[in-house]
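What follows is the content of input.txt, which has compact mmCIF, C-alpha atoms:
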# COMPACT_ATOMS: atom_id res chain seq x y z
CA MET A 1 155.97 116.14 56.47
CA LYS A 2 156.49 112.58 57.71
CA LYS A 3 157.21 113.88 61.23
CA ILE A 4 153.97 115.89 61.26
CA LEU A 5 152.00 112.85 60.03
CA PHE A 6 153.67 110.62 62.66
CA ILE A 7 152.98 113.08 65.48
CA GLY A 8 149.38 113.54 64.27
CA THR A 9 148.84 109.75 64.16
CA PHE A 10 150.42 109.35 67.60
CA LEU A 11 148.17 112.01 69.14
CA ALA A 12 145.06 110.68 67.36
CA PHE A 13 145.77 107.16 68.69
CA HIS A 14 146.05 108.42 72.26
CA TRP A 15 142.94 110.54 71.88
CA VAL A 16 140.91 107.53 70.61
CA VAL A 17 142.17 105.26 73.39
CA SER A 18 141.38 107.84 76.06
CA GLN A 19 137.82 108.28 74.74
CA GLN A 20 136.78 104.65 75.21
CA LYS A 21 134.12 104.25 77.84
CA SER A 22 134.71 101.86 80.65
CA SER A 23 132.06 99.20 80.79
CA ILE A 24 130.26 98.10 83.90
CA LYS A 25 129.33 94.47 84.05
CA ILE A 26 126.09 93.54 85.70
CA VAL A 27 126.31 90.18 87.31
CA GLU A 28 123.07 88.36 87.93
CA GLY A 29 122.61 87.76 91.63
CA LYS A 30 122.75 84.21 92.85
CA LYS A 31 119.69 82.71 94.43
CA ILE A 32 120.05 82.56 98.17
CA GLU A 33 120.47 79.01 99.36
CA LEU A 34 119.72 78.34 102.99
CA THR A 35 121.26 75.66 105.15
CA SER A 36 119.70 74.04 108.23
CA GLU A 37 116.48 75.60 109.44
CA LEU A 38 116.39 77.95 112.44
CA SER A 39 114.85 76.85 115.73
CA LYS A 40 111.32 78.07 116.47
CA ASP A 41 112.55 80.24 119.37
CA LYS A 42 115.08 82.03 117.14
CA VAL A 43 112.52 82.48 114.36
CA ASP A 44 110.09 84.05 116.87
CA LEU A 45 112.78 86.40 118.22
CA TYR A 46 113.96 87.48 114.77
CA ASN A 47 110.40 87.82 113.49
CA GLN A 48 109.47 90.16 116.37
CA ASP A 49 112.53 92.32 115.67
CA PHE A 50 111.74 92.48 111.95
CA MET A 51 108.12 93.43 112.59
CA LYS A 52 109.34 96.27 114.85
CA PHE A 53 111.68 97.31 112.02
CA VAL A 54 108.82 97.31 109.48
CA ALA A 55 106.65 99.38 111.85
CA ALA A 56 109.51 101.88 112.29
CA LEU A 57 109.94 102.03 108.50
CA LYS A 58 106.23 102.65 108.04
CA ASP A 59 106.34 105.49 110.60
CA SER A 60 109.65 106.80 109.19
CA ASP A 61 111.12 106.61 112.72
CA LYS A 62 114.84 106.81 111.90
CA GLU A 63 115.95 106.63 115.53
CA LYS A 64 114.00 103.42 116.13
CA ILE A 65 115.36 101.95 112.89
CA LYS A 66 118.93 102.65 114.01
CA THR A 67 118.33 100.83 117.31
CA LEU A 68 117.16 97.71 115.44
CA VAL A 69 120.00 97.43 112.90
CA SER A 70 123.47 96.03 113.43
CA ASP A 71 126.32 98.32 114.43
CA LYS A 72 128.09 97.07 111.28
CA ILE A 73 125.62 98.88 109.02
CA LYS A 74 124.45 101.74 111.24
CA TYR A 75 127.18 103.97 109.80
CA TYR A 76 125.94 103.38 106.24
CA MET A 77 122.26 104.07 106.97
CA SER A 78 121.19 107.22 105.16
CA ASP A 79 117.81 108.87 104.67
CA ASP A 80 117.98 107.91 101.00
CA MET A 81 118.60 104.24 101.84
CA ILE A 82 115.71 104.22 104.32
CA SER A 83 113.31 105.77 101.79
CA LYS A 84 114.35 103.27 99.08
CA LEU A 85 113.81 100.39 101.49
CA SER A 86 110.41 101.80 102.47
CA GLY A 87 109.47 101.85 98.80
CA GLY A 88 110.53 98.22 98.38
CA ILE A 89 108.25 96.86 101.08
CA SER A 90 104.48 96.93 100.76
CA PHE A 91 103.03 97.93 104.13
CA ASP A 92 99.48 97.23 102.95
CA ARG A 93 100.11 93.51 102.46
CA LYS A 94 100.53 91.04 105.31
CA MET A 95 103.89 89.26 105.45
CA GLU A 96 104.52 85.73 106.61
CA ILE A 97 107.60 83.58 106.98
CA TYR A 98 108.43 81.55 103.89
CA LYS A 99 111.76 79.94 104.87
CA SER A 100 114.44 80.29 107.50
CA GLY A 101 117.97 79.07 107.83
CA TYR A 102 121.58 80.09 107.81
CA GLN A 103 123.59 81.63 105.00
CA LYS A 104 127.32 82.06 104.54
CA LEU A 105 128.31 85.59 103.69
CA TYR A 106 131.61 87.31 103.15
CA GLU A 107 134.60 85.91 105.02
CA ASN A 108 132.67 82.62 105.45
CA GLU A 109 130.69 83.96 108.39
CA THR A 110 127.30 82.28 108.82
CA TYR A 111 124.27 84.40 109.69
CA PRO A 112 120.62 83.57 110.35
CA ILE A 113 118.26 84.55 107.55
CA ILE A 114 114.49 84.59 107.24
CA GLN A 115 112.71 84.86 103.92
CA TYR A 116 109.31 86.53 104.04
CA LYS A 117 106.55 86.35 101.46
CA TYR A 118 103.28 88.19 101.22
CA ALA A 119 100.32 86.18 102.53
CA ASP A 120 98.27 86.81 99.38
CA ASP A 121 101.03 85.39 97.13
CA GLN A 122 100.01 81.79 96.42
CA GLN A 123 102.74 80.99 93.85
CA ASN A 124 105.40 78.43 94.62
CA PRO A 125 108.07 79.77 94.85
CA PRO A 126 106.56 83.12 95.81
CA ARG A 127 106.76 85.96 93.35
CA ASP A 128 107.96 88.52 95.91
CA ILE A 129 110.40 87.58 98.68
CA ILE A 130 112.02 89.76 101.32
CA ASN A 131 115.33 88.36 102.59
CA VAL A 132 116.29 89.54 106.08
CA ILE A 133 119.73 88.71 107.47
CA PHE A 134 120.20 88.91 111.23
CA GLU A 135 123.05 88.82 113.68
CA ASN A 136 122.75 86.17 116.37
CA ASP A 137 121.48 88.76 118.88
CA GLY A 138 118.54 89.69 116.61
CA LYS A 139 119.94 92.92 115.16
CA ILE A 140 119.19 93.30 111.45
CA LEU A 141 122.25 93.09 109.23
CA GLY A 142 120.50 93.39 105.87
CA VAL A 143 117.11 93.57 104.15
CA LYS A 144 116.74 92.77 100.47
CA PRO A 145 113.34 92.75 98.76
CA GLU A 146 113.33 90.62 95.59
CA TYR A 147 110.60 90.92 93.02
CA ALA A 148 110.02 88.60 90.10
CA GLU A 149 109.58 90.28 86.77

Show the structure stored in the file as structure tokens.
Amino acid sequence: MKKILFIGTFLAFHWVVSQQKSSIKIVEGKKIELTSELSKDKVDLYNQDFMKFVAALKDSDKEKIKTLVSDKIKYYMSDDMISKLSGGISFDRKMEIYKSGYQKLYENETYPIIQYKYADDQQNPPRDIINVIFENDGKILGVKPEYAE
């Protein structure tokens, strides 16, 4: 009887341990801090490329989008990602440059970044910001809309 109780306890313990759910931690994103402002020429170049990107998003021109993004992320671009990004940017509102600078990313590489705000957003800091990270040649490495709650 003791052996049956021991085996039953042993199996019950393993069953309980195996049924625990793994937890996923959500880490609050850090605010993006920019260093040294970009030159006006670079800002103009990057701004033109981003406006072409926004126009391609609005028209759902996937081929044009792929020509404007970095080769580093072209492989990861899916239709689902493009549609989510299209939903995160309001095409009806005019965008303007809020800040520009450089940001260190993974492996301590520094990339140019421009933060856009909507022209009708008069709050300081703006309620909605779109962070766009570029490669030095103007190709888009990342776009991240951020909305205040």

- Task: Mind checking which residues fall within 8 Å of A:Glu135, counting all atoms listed in the file, ignoring those fewer than 6 positions away in the same chain, and posting them as number ranges by chain?
- Result: A: 70, 111-112, 141

- Query: Of the candidates A:Lys74, A:Ser83, A:Asn47, A:Ile130, which shows the shortest atom-to-atom distance to A:Asp61, using all atoms listed in the file?
  - Reply: A:Ser83

- Taking into account all atoms listed in the file, which residue in the set A:Lys104, A:Tyr98, A:Glu146, A:Ala55 is nearest to A:Gln122?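 Looking at the shortest contact to A:Gln122, the residue is A:Tyr98.
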
- Select, from A:Tyr102, A:Lys58, A:Tyr118, A:Ile73, the residue with the minimum atom-to-atom distance to A:Val143, counting all atoms listed in the file. A:Ile73

- Note on the structure: Students should find that atom CA of A:Ile133 and atom CA of A:Ile114 are spaced 6.7 Å
